[in-house]
$ cat data.cif   # mmCIF, C-alpha atoms, pLDDT in the B column; chains and numbers go by the auth columns
data_input
#
loop_
_atom_site.group_PDB
_atom_site.id
_atom_site.type_symbol
_atom_site.label_atom_id
_atom_site.label_comp_id
_atom_site.label_asym_id
_atom_site.label_seq_id
_atom_site.Cartn_x
_atom_site.Cartn_y
_atom_site.Cartn_z
_atom_site.B_iso_or_equiv
_atom_site.auth_seq_id
_atom_site.auth_asym_id
ATOM 1 C CA GLU A 1 -102.878 57.104 -47.372 58.00 1 A
ATOM 2 C CA ALA A 2 -99.068 57.145 -47.365 62.00 2 A
ATOM 3 C CA PRO A 3 -97.827 59.024 -50.452 69.00 3 A
ATOM 4 C CA ALA A 4 -95.516 56.149 -51.422 69.00 4 A
ATOM 5 C CA VAL A 5 -98.306 53.551 -51.260 70.00 5 A
ATOM 6 C CA ARG A 6 -100.794 53.019 -54.048 74.00 6 A
ATOM 7 C CA ARG A 7 -103.881 50.878 -53.480 77.00 7 A
ATOM 8 C CA LEU A 8 -104.601 48.767 -56.537 86.00 8 A
ATOM 9 C CA THR A 9 -108.363 48.297 -56.729 87.00 9 A
ATOM 10 C CA GLU A 10 -108.792 47.481 -60.445 92.00 10 A
ATOM 11 C CA ALA A 11 -108.055 44.105 -62.004 95.00 11 A
ATOM 12 C CA ASP A 12 -105.924 45.489 -64.847 96.00 12 A
ATOM 13 C CA ALA A 13 -103.653 47.344 -62.432 94.00 13 A
ATOM 14 C CA VAL A 14 -103.248 44.258 -60.228 96.00 14 A
ATOM 15 C CA HIS A 15 -102.452 42.089 -63.249 97.00 15 A
ATOM 16 C CA HIS A 16 -99.815 44.531 -64.487 96.00 16 A
ATOM 17 C CA ALA A 17 -98.140 44.945 -61.086 95.00 17 A
ATOM 18 C CA VAL A 18 -98.014 41.215 -60.394 97.00 18 A
ATOM 19 C CA ARG A 19 -96.728 40.447 -63.888 97.00 19 A
ATOM 20 C CA VAL A 20 -93.857 42.938 -63.449 97.00 20 A
ATOM 21 C CA VAL A 21 -92.858 41.474 -60.078 97.00 21 A
ATOM 22 C CA ARG A 22 -93.251 37.899 -61.304 97.00 22 A
ATOM 23 C CA ALA A 23 -90.883 38.588 -64.201 97.00 23 A
ATOM 24 C CA ALA A 24 -88.287 39.999 -61.812 97.00 24 A
ATOM 25 C CA VAL A 25 -88.187 37.374 -59.042 95.00 25 A
ATOM 26 C CA ASP A 26 -88.129 33.588 -58.799 94.00 26 A
ATOM 27 C CA ALA A 27 -89.241 33.435 -55.154 95.00 27 A
ATOM 28 C CA PRO A 28 -92.766 32.368 -54.219 96.00 28 A
ATOM 29 C CA LEU A 29 -95.031 35.349 -54.795 97.00 29 A
ATOM 30 C CA PHE A 30 -97.862 36.060 -52.345 96.00 30 A
ATOM 31 C CA VAL A 31 -100.119 38.966 -53.320 96.00 31 A
ATOM 32 C CA LYS A 32 -102.185 40.635 -50.608 95.00 32 A
ATOM 33 C CA LEU A 33 -105.301 42.323 -51.964 95.00 33 A
ATOM 34 C CA PRO A 34 -107.425 45.146 -50.535 91.00 34 A
ATOM 35 C CA GLY A 35 -110.918 44.486 -49.254 88.00 35 A
ATOM 36 C CA GLN A 36 -112.234 47.834 -50.397 86.00 36 A
ATOM 37 C CA ALA A 37 -112.669 47.303 -54.121 89.00 37 A
ATOM 38 C CA SER A 38 -115.597 46.848 -56.455 88.00 38 A
ATOM 39 C CA ASP A 39 -114.723 43.194 -57.113 95.00 39 A
ATOM 40 C CA VAL A 40 -112.064 41.559 -54.948 96.00 40 A
ATOM 41 C CA VAL A 41 -112.632 38.207 -56.658 97.00 41 A
ATOM 42 C CA ALA A 42 -111.668 39.809 -59.971 97.00 42 A
ATOM 43 C CA LEU A 43 -108.493 41.137 -58.332 97.00 43 A
ATOM 44 C CA ALA A 44 -107.631 37.657 -57.099 98.00 44 A
ATOM 45 C CA ARG A 45 -108.236 36.159 -60.526 98.00 45 A
ATOM 46 C CA ALA A 46 -106.020 38.833 -62.104 98.00 46 A
ATOM 47 C CA ALA A 47 -103.232 38.210 -59.578 97.00 47 A
ATOM 48 C CA ARG A 48 -103.281 34.474 -60.225 97.00 48 A
ATOM 49 C CA SER A 49 -103.336 34.862 -63.999 97.00 49 A
ATOM 50 C CA ALA A 50 -100.299 37.151 -63.750 97.00 50 A
ATOM 51 C CA GLY A 51 -98.295 34.592 -61.773 97.00 51 A
ATOM 52 C CA ALA A 52 -99.128 34.946 -58.082 97.00 52 A
ATOM 53 C CA ASP A 53 -98.517 31.701 -56.208 97.00 53 A
ATOM 54 C CA ALA A 54 -100.968 32.597 -53.437 97.00 54 A
ATOM 55 C CA VAL A 55 -103.446 35.357 -52.678 97.00 55 A
ATOM 56 C CA GLY A 56 -103.922 37.113 -49.325 97.00 56 A
ATOM 57 C CA LEU A 57 -107.450 38.304 -48.479 96.00 57 A
ATOM 58 C CA VAL A 58 -107.928 41.007 -47.383 94.00 58 A
ATOM 59 C CA GLY A 59 -105.862 44.051 -46.427 90.00 59 A
ATOM 60 C CA ARG A 60 -106.984 46.576 -43.846 87.00 60 A
ATOM 61 C CA TYR A 61 -109.744 49.031 -44.643 85.00 61 A
ATOM 62 C CA PRO A 62 -109.130 52.777 -44.762 82.00 62 A
ATOM 63 C CA GLY A 63 -110.674 54.209 -41.654 80.00 63 A
ATOM 64 C CA PHE A 64 -111.116 57.227 -39.444 78.00 64 A
ATOM 65 C CA LEU A 65 -112.344 57.320 -35.846 76.00 65 A
ATOM 66 C CA PRO A 66 -112.636 60.774 -34.286 75.00 66 A
ATOM 67 C CA ASP A 67 -112.110 61.421 -30.598 75.00 67 A
ATOM 68 C CA LEU A 68 -115.013 63.517 -29.316 75.00 68 A
ATOM 69 C CA ASP A 69 -112.574 65.435 -27.126 77.00 69 A
ATOM 70 C CA GLY A 70 -110.643 66.479 -30.198 71.00 70 A
ATOM 71 C CA GLY A 71 -108.163 64.873 -32.533 64.00 71 A
ATOM 72 C CA ALA A 72 -108.477 61.419 -34.026 61.00 72 A
ATOM 73 C CA VAL A 73 -108.063 58.069 -32.318 65.00 73 A
ATOM 74 C CA LEU A 74 -106.271 56.656 -35.348 60.00 74 A
ATOM 75 C CA GLY A 75 -104.137 59.773 -35.593 60.00 75 A
ATOM 76 C CA SER A 76 -104.543 59.846 -39.370 65.00 76 A
ATOM 77 C CA TRP A 77 -106.625 58.615 -42.239 73.00 77 A
ATOM 78 C CA GLY A 78 -105.242 55.220 -41.430 73.00 78 A
ATOM 79 C CA ALA A 79 -105.758 51.532 -42.066 76.00 79 A
ATOM 80 C CA TRP A 80 -108.304 49.793 -39.846 77.00 80 A
ATOM 81 C CA GLY A 81 -108.114 46.151 -38.836 79.00 81 A
ATOM 82 C CA SER A 82 -110.118 44.646 -35.997 80.00 82 A
ATOM 83 C CA PRO A 83 -112.427 41.758 -35.066 83.00 83 A
ATOM 84 C CA ALA A 84 -115.209 43.883 -36.559 85.00 84 A
ATOM 85 C CA CYS A 85 -113.573 43.389 -39.965 89.00 85 A
ATOM 86 C CA LEU A 86 -113.736 39.581 -39.694 93.00 86 A
ATOM 87 C CA PRO A 87 -117.098 39.058 -41.485 93.00 87 A
ATOM 88 C CA MET A 88 -115.993 41.205 -44.440 93.00 88 A
ATOM 89 C CA SER A 89 -112.691 39.336 -44.669 95.00 89 A
ATOM 90 C CA LEU A 90 -114.460 35.970 -44.548 96.00 90 A
ATOM 91 C CA TYR A 91 -116.898 37.172 -47.212 95.00 91 A
ATOM 92 C CA TRP A 92 -114.117 37.725 -49.733 96.00 92 A
ATOM 93 C CA VAL A 93 -112.245 34.579 -48.776 97.00 93 A
ATOM 94 C CA GLY A 94 -115.393 32.523 -49.291 97.00 94 A
ATOM 95 C CA LYS A 95 -116.393 34.225 -52.538 96.00 95 A
ATOM 96 C CA THR A 96 -112.874 33.827 -53.935 97.00 96 A
ATOM 97 C CA ARG A 97 -112.705 30.178 -52.934 97.00 97 A
ATOM 98 C CA MET A 98 -115.985 29.461 -54.729 96.00 98 A
ATOM 99 C CA ALA A 99 -114.979 31.407 -57.841 96.00 99 A
ATOM 100 C CA LEU A 100 -111.354 30.265 -58.229 96.00 100 A
ATOM 101 C CA GLY A 101 -111.614 26.753 -56.805 95.00 101 A
ATOM 102 C CA ALA A 102 -110.039 24.794 -53.995 94.00 102 A
ATOM 103 C CA ASP A 103 -106.637 24.521 -55.684 94.00 103 A
ATOM 104 C CA VAL A 104 -105.863 28.245 -55.402 96.00 104 A
ATOM 105 C CA PRO A 105 -103.897 28.893 -52.180 96.00 105 A
ATOM 106 C CA LEU A 106 -105.641 31.587 -50.146 98.00 106 A
ATOM 107 C CA VAL A 107 -104.235 33.293 -47.061 97.00 107 A
ATOM 108 C CA GLY A 108 -106.905 34.798 -44.804 97.00 108 A
ATOM 109 C CA THR A 109 -106.131 37.993 -42.938 95.00 109 A
ATOM 110 C CA ASN A 110 -107.709 40.955 -41.117 94.00 110 A
ATOM 111 C CA GLY A 111 -109.750 39.981 -38.096 91.00 111 A
ATOM 112 C CA ALA A 112 -108.186 36.802 -36.687 93.00 112 A
ATOM 113 C CA ARG A 113 -107.429 37.173 -32.982 93.00 113 A
ATOM 114 C CA THR A 114 -108.560 33.807 -31.545 95.00 114 A
ATOM 115 C CA ALA A 115 -108.484 30.136 -32.491 96.00 115 A
ATOM 116 C CA THR A 116 -112.173 30.399 -33.391 96.00 116 A
ATOM 117 C CA ASP A 117 -111.374 33.237 -35.805 96.00 117 A
ATOM 118 C CA VAL A 118 -108.654 31.135 -37.424 96.00 118 A
ATOM 119 C CA LEU A 119 -111.059 28.214 -37.766 96.00 119 A
ATOM 120 C CA ARG A 120 -113.637 30.479 -39.381 97.00 120 A
ATOM 121 C CA PHE A 121 -111.067 31.547 -41.971 97.00 121 A
ATOM 122 C CA LEU A 122 -110.274 27.894 -42.693 96.00 122 A
ATOM 123 C CA ALA A 123 -113.951 26.937 -42.909 96.00 123 A
ATOM 124 C CA SER A 124 -114.436 29.823 -45.355 97.00 124 A
ATOM 125 C CA GLY A 125 -111.754 28.469 -47.670 97.00 125 A
ATOM 126 C CA ALA A 126 -108.407 29.881 -46.515 97.00 126 A
ATOM 127 C CA HIS A 127 -105.444 27.500 -46.586 96.00 127 A
ATOM 128 C CA ALA A 128 -103.496 29.610 -44.088 96.00 128 A
ATOM 129 C CA VAL A 129 -104.217 32.538 -41.783 96.00 129 A
ATOM 130 C CA GLU A 130 -102.139 35.645 -41.133 94.00 130 A
ATOM 131 C CA VAL A 131 -102.175 36.881 -37.533 94.00 131 A
ATOM 132 C CA VAL A 132 -100.661 40.260 -36.720 90.00 132 A
ATOM 133 C CA THR A 133 -102.464 42.333 -34.076 89.00 133 A
ATOM 134 C CA ALA A 134 -102.891 39.427 -31.657 91.00 134 A
ATOM 135 C CA LEU A 135 -99.146 38.826 -31.882 91.00 135 A
ATOM 136 C CA TRP A 136 -98.422 42.478 -31.170 91.00 136 A
ATOM 137 C CA ILE A 137 -100.699 42.454 -28.143 91.00 137 A
ATOM 138 C CA GLY A 138 -99.947 39.038 -26.662 92.00 138 A
ATOM 139 C CA GLY A 139 -96.457 38.261 -27.924 95.00 139 A
ATOM 140 C CA PRO A 140 -95.190 35.019 -29.505 93.00 140 A
ATOM 141 C CA ALA A 141 -97.072 32.850 -26.999 95.00 141 A
ATOM 142 C CA VAL A 142 -100.284 33.768 -28.828 95.00 142 A
ATOM 143 C CA LEU A 143 -99.225 31.677 -31.809 95.00 143 A
ATOM 144 C CA ALA A 144 -98.891 28.553 -29.665 96.00 144 A
ATOM 145 C CA GLU A 145 -102.328 29.230 -28.164 96.00 145 A
ATOM 146 C CA LEU A 146 -103.911 29.586 -31.593 96.00 146 A
ATOM 147 C CA VAL A 147 -102.297 26.411 -32.913 96.00 147 A
ATOM 148 C CA ALA A 148 -103.364 24.497 -29.801 97.00 148 A
ATOM 149 C CA GLY A 149 -106.932 25.769 -30.098 96.00 149 A
ATOM 150 C CA VAL A 150 -107.209 24.858 -33.772 95.00 150 A
ATOM 151 C CA ASP A 151 -105.660 21.458 -33.149 94.00 151 A
ATOM 152 C CA ALA A 152 -108.032 20.709 -30.267 94.00 152 A
ATOM 153 C CA TYR A 153 -111.066 21.576 -32.380 93.00 153 A
ATOM 154 C CA LEU A 154 -109.938 19.473 -35.332 91.00 154 A
ATOM 155 C CA ARG A 155 -109.146 16.520 -33.072 90.00 155 A
ATOM 156 C CA GLN A 156 -112.600 16.726 -31.540 89.00 156 A
ATOM 157 C CA ARG A 157 -114.145 17.024 -34.990 86.00 157 A
ATOM 158 C CA ALA A 158 -112.216 13.972 -36.154 82.00 158 A
ATOM 159 C CA THR A 159 -114.322 11.829 -33.811 77.00 159 A
ATOM 160 C CA THR A 160 -117.352 12.478 -36.038 75.00 160 A
ATOM 161 C CA CYS A 161 -115.763 13.440 -39.393 76.00 161 A
ATOM 162 C CA ALA A 162 -113.004 11.481 -41.055 69.00 162 A
ATOM 163 C CA ASP A 163 -112.107 14.092 -43.686 73.00 163 A
ATOM 164 C CA GLY A 164 -109.465 15.858 -41.564 72.00 164 A
ATOM 165 C CA LEU A 165 -108.198 19.386 -42.144 73.00 165 A
ATOM 166 C CA GLU A 166 -108.465 19.037 -45.921 78.00 166 A
ATOM 167 C CA GLY A 167 -112.186 18.391 -45.635 85.00 167 A
ATOM 168 C CA PHE A 168 -112.652 21.197 -43.132 90.00 168 A
ATOM 169 C CA VAL A 169 -111.140 23.913 -45.329 92.00 169 A
ATOM 170 C CA GLY A 170 -114.031 25.557 -47.163 94.00 170 A
ATOM 171 C CA SER A 171 -116.603 23.360 -45.443 92.00 171 A
ATOM 172 C CA ALA A 172 -118.837 26.273 -44.416 93.00 172 A
ATOM 173 C CA LEU A 173 -119.456 27.296 -48.019 93.00 173 A
ATOM 174 C CA ALA A 174 -121.711 24.351 -48.738 88.00 174 A
ATOM 175 C CA ARG A 175 -124.156 25.618 -46.119 83.00 175 A
ATOM 176 C CA THR A 176 -124.395 29.209 -47.336 86.00 176 A
ATOM 177 C CA ARG A 177 -127.646 30.497 -48.818 82.00 177 A
ATOM 178 C CA ASP A 178 -128.717 33.503 -50.820 83.00 178 A
ATOM 179 C CA TYR A 179 -131.435 35.729 -49.404 80.00 179 A
ATOM 180 C CA ALA A 180 -133.928 34.252 -51.873 85.00 180 A
ATOM 181 C CA ASP A 181 -133.225 30.754 -50.544 84.00 181 A
ATOM 182 C CA ILE A 182 -133.999 31.589 -46.905 80.00 182 A
ATOM 183 C CA PRO A 183 -137.563 30.552 -46.021 82.00 183 A
ATOM 184 C CA PRO A 184 -139.713 33.328 -44.567 79.00 184 A
ATOM 185 C CA LEU A 185 -140.068 33.399 -40.816 73.00 185 A
ATOM 186 C CA SER A 186 -143.392 33.514 -39.066 74.00 186 A
ATOM 187 C CA SER A 187 -144.494 36.991 -38.071 67.00 187 A
ATOM 188 C CA PRO A 188 -142.922 38.013 -34.755 68.00 188 A
ATOM 189 C CA ALA A 189 -145.205 38.692 -31.810 65.00 189 A
ATOM 190 C CA TRP A 190 -144.537 42.417 -31.905 62.00 190 A
ATOM 191 C CA LEU A 191 -145.509 42.860 -35.575 66.00 191 A
ATOM 192 C CA PRO A 192 -149.280 43.412 -35.027 65.00 192 A
ATOM 193 C CA TYR A 193 -148.486 46.033 -32.387 61.00 193 A
ATOM 194 C CA THR A 194 -146.183 47.956 -34.716 62.00 194 A
ATOM 195 C CA ALA A 195 -148.789 47.766 -37.495 61.00 195 A
ATOM 196 C CA ARG A 196 -151.411 49.322 -35.192 58.00 196 A
ATOM 197 C CA TRP A 197 -148.918 51.950 -34.067 55.00 197 A
ATOM 198 C CA SER A 198 -148.111 52.853 -37.665 56.00 198 A
ATOM 199 C CA ARG A 199 -151.804 53.276 -38.542 56.00 199 A
ATOM 200 C CA SER A 200 -152.599 55.332 -35.448 53.00 200 A
ATOM 201 C CA SER A 201 -149.639 57.637 -36.021 51.00 201 A
ATOM 202 C CA GLY A 202 -150.578 58.225 -39.609 51.00 202 A
ATOM 203 C CA ARG A 203 -147.449 56.526 -41.004 49.00 203 A
#

$ encode --input "data.cif" --output "structure tokens"
Amino acid sequence: EAPAVRRLTEADAVHHAVRVVRAAVDAPLFVKLPGQASDVVALARAARSAGADAVGLVGRYPGFLPDLDGGAVLGSWGAWGSPACLPMSLYWVGKTRMALGADVPLVGTNGARTATDVLRFLASGAHAVEVVTALWIGGPAVLAELVAGVDAYLRQRATTCADGLEGFVGSALARTRDYADIPPLSSPAWLPYTARWSRSSGR
């Protein structure tokens, strides 16, 4: 919402912006994309085609949280990042990994506070994970804790899987299913009661 900041949510705009920057600099170019767009995968594809070396997924979501005593907790129409954003971030990381392939470097961000969160980003297809809020809250020691937690999990996993970190990155995607692929569950015990209640109430 800052006047000097423009959120690029269309593929053509992302392609143009990245192409301009790519032509101006020789340094590695990481492009961080917003999560609130009609097609984040298309934005990632546009960034890569314009010369981005890596893609960050995803930026914070615009948000507003009013205080019932008056005012606003965020203090503005601000950017919202929290553990609650983790599933949405992982959604776009996973979708982008499947669409663009394993060779495209992805940086996961928005929602990682613990080693388990970092591992979920990796399992969804991220090659690296950006951690910000946890660092602000806990200081530099948080980074050592996260690295230790990820390392401990991967070492334990290595006792049953020999594919290492490379095999772990994106490993969760093979187990995902569409709604149509999920077998129907047996009727829950409360369903007959609700059916009777609906008939008796005229609904």

$ resolve_selection --input "data.cif" --expression "the PyMOL selection byres ((chain A and resi 34) around 6)" --output "list of chain:residue names"
A:Leu33, A:Gly35, A:Gln36, A:Val58, A:Gly59

$ atom_distance --input "data.cif" --atom1 "atom CA of A:Ala54" --atom2 "atom CA of A:Val93"
12.4 Å

$ closest_residue --input "data.cif" --among "A:Gly125, A:Pro66, A:Gly149, A:Gly164" --to "A:Gly101" --atoms "only C-alpha atoms"
A:Gly125

$ residues_around --input "data.cif" --residues "A:Leu165" --least-positions-apart "3" --cutoff "12 Å" --atoms "only C-alpha atoms" --output "NGL selection string"
:A and (119 or 122-123 or 125-128 or 150-158 or 161-162 or 168-171)

$ atom_distance --input "data.cif" --atom1 "atom CA of A:Tyr61" --atom2 "atom CA of A:Ala148"
29.4 Å

$ axis_aligned_box --input "data.cif" --around "stretch 145-159 of chain A" --padding-each-side "6 Å" --output "AutoDock Vina command-line options"
--center_x -108.3 --center_y 20.7 --center_z -32.2 --size_x 24.0 --size_y 29.8 --size_z 20.0

$ resolve_selection --input "data.cif" --expression "the PyMOL selection byres ((chain A and resi 50) around 8)" --output "list of chain:residue names"
A:His15, A:His16, A:Val18, A:Arg19, A:Arg22, A:Ala46, A:Ala47, A:Arg48, A:Ser49, A:Gly51, A:Ala52

$ atom_distance --input "data.cif" --atom1 "atom CA of A:Gly94" --atom2 "atom CA of A:Ala174"
10.3 Å

$ resolve_selection --input "data.cif" --expression "the PyMOL selection byres ((chain A and resi 118) around 10)" --output "PDB file with C-alpha atoms, in the coordinates of the input"
ATOM      1  CA  GLY A 108    -106.905  34.798 -44.804  1.00 97.00           C
ATOM      2  CA  THR A 109    -106.131  37.993 -42.938  1.00 95.00           C
ATOM      3  CA  GLY A 111    -109.750  39.981 -38.096  1.00 91.00           C
ATOM      4  CA  ALA A 112    -108.186  36.802 -36.687  1.00 93.00           C
ATOM      5  CA  ARG A 113    -107.429  37.173 -32.982  1.00 93.00           C
ATOM      6  CA  THR A 114    -108.560  33.807 -31.545  1.00 95.00           C
ATOM      7  CA  ALA A 115    -108.484  30.136 -32.491  1.00 96.00           C
ATOM      8  CA  THR A 116    -112.173  30.399 -33.391  1.00 96.00           C
ATOM      9  CA  ASP A 117    -111.374  33.237 -35.805  1.00 96.00           C
ATOM     10  CA  LEU A 119    -111.059  28.214 -37.766  1.00 96.00           C
ATOM     11  CA  ARG A 120    -113.637  30.479 -39.381  1.00 97.00           C
ATOM     12  CA  PHE A 121    -111.067  31.547 -41.971  1.00 97.00           C
ATOM     13  CA  LEU A 122    -110.274  27.894 -42.693  1.00 96.00           C
ATOM     14  CA  ALA A 123    -113.951  26.937 -42.909  1.00 96.00           C
ATOM     15  CA  SER A 124    -114.436  29.823 -45.355  1.00 97.00           C
ATOM     16  CA  ALA A 126    -108.407  29.881 -46.515  1.00 97.00           C
ATOM     17  CA  ALA A 128    -103.496  29.610 -44.088  1.00 96.00           C
ATOM     18  CA  VAL A 129    -104.217  32.538 -41.783  1.00 96.00           C
ATOM     19  CA  GLU A 130    -102.139  35.645 -41.133  1.00 94.00           C
ATOM     20  CA  VAL A 131    -102.175  36.881 -37.533  1.00 94.00           C
ATOM     21  CA  LEU A 146    -103.911  29.586 -31.593  1.00 96.00           C
ATOM     22  CA  VAL A 147    -102.297  26.411 -32.913  1.00 96.00           C
ATOM     23  CA  GLY A 149    -106.932  25.769 -30.098  1.00 96.00           C
ATOM     24  CA  VAL A 150    -107.209  24.858 -33.772  1.00 95.00           C
TER      25      VAL A 150
END

$ closest_residue --input "data.cif" --among "A:Thr159, A:Val14, A:Leu143, A:Ala79" --to "A:Val40" --atoms "all atoms listed in the file"
A:Val14

$ closest_residue --input "data.cif" --among "A:Pro87, A:Arg7, A:Pro105, A:Pro140" --to "A:Pro62" --atoms "all atoms listed in the file"
A:Arg7

$ closest_residue --input "data.cif" --among "A:Val5, A:Ala102, A:Ala24, A:Ile182" --to "A:Glu166" --atoms "only C-alpha atoms"
A:Ala102

$ closest_residue --input "data.cif" --among "A:Leu90, A:Leu8, A:Val142, A:Ala17" --to "A:Ser38" --atoms "only C-alpha atoms"
A:Leu8

$ closest_residue --input "data.cif" --among "A:Ser186, A:Asp163, A:Leu68, A:Gly81" --to "A:Ala134" --atoms "all atoms listed in the file"
A:Gly81
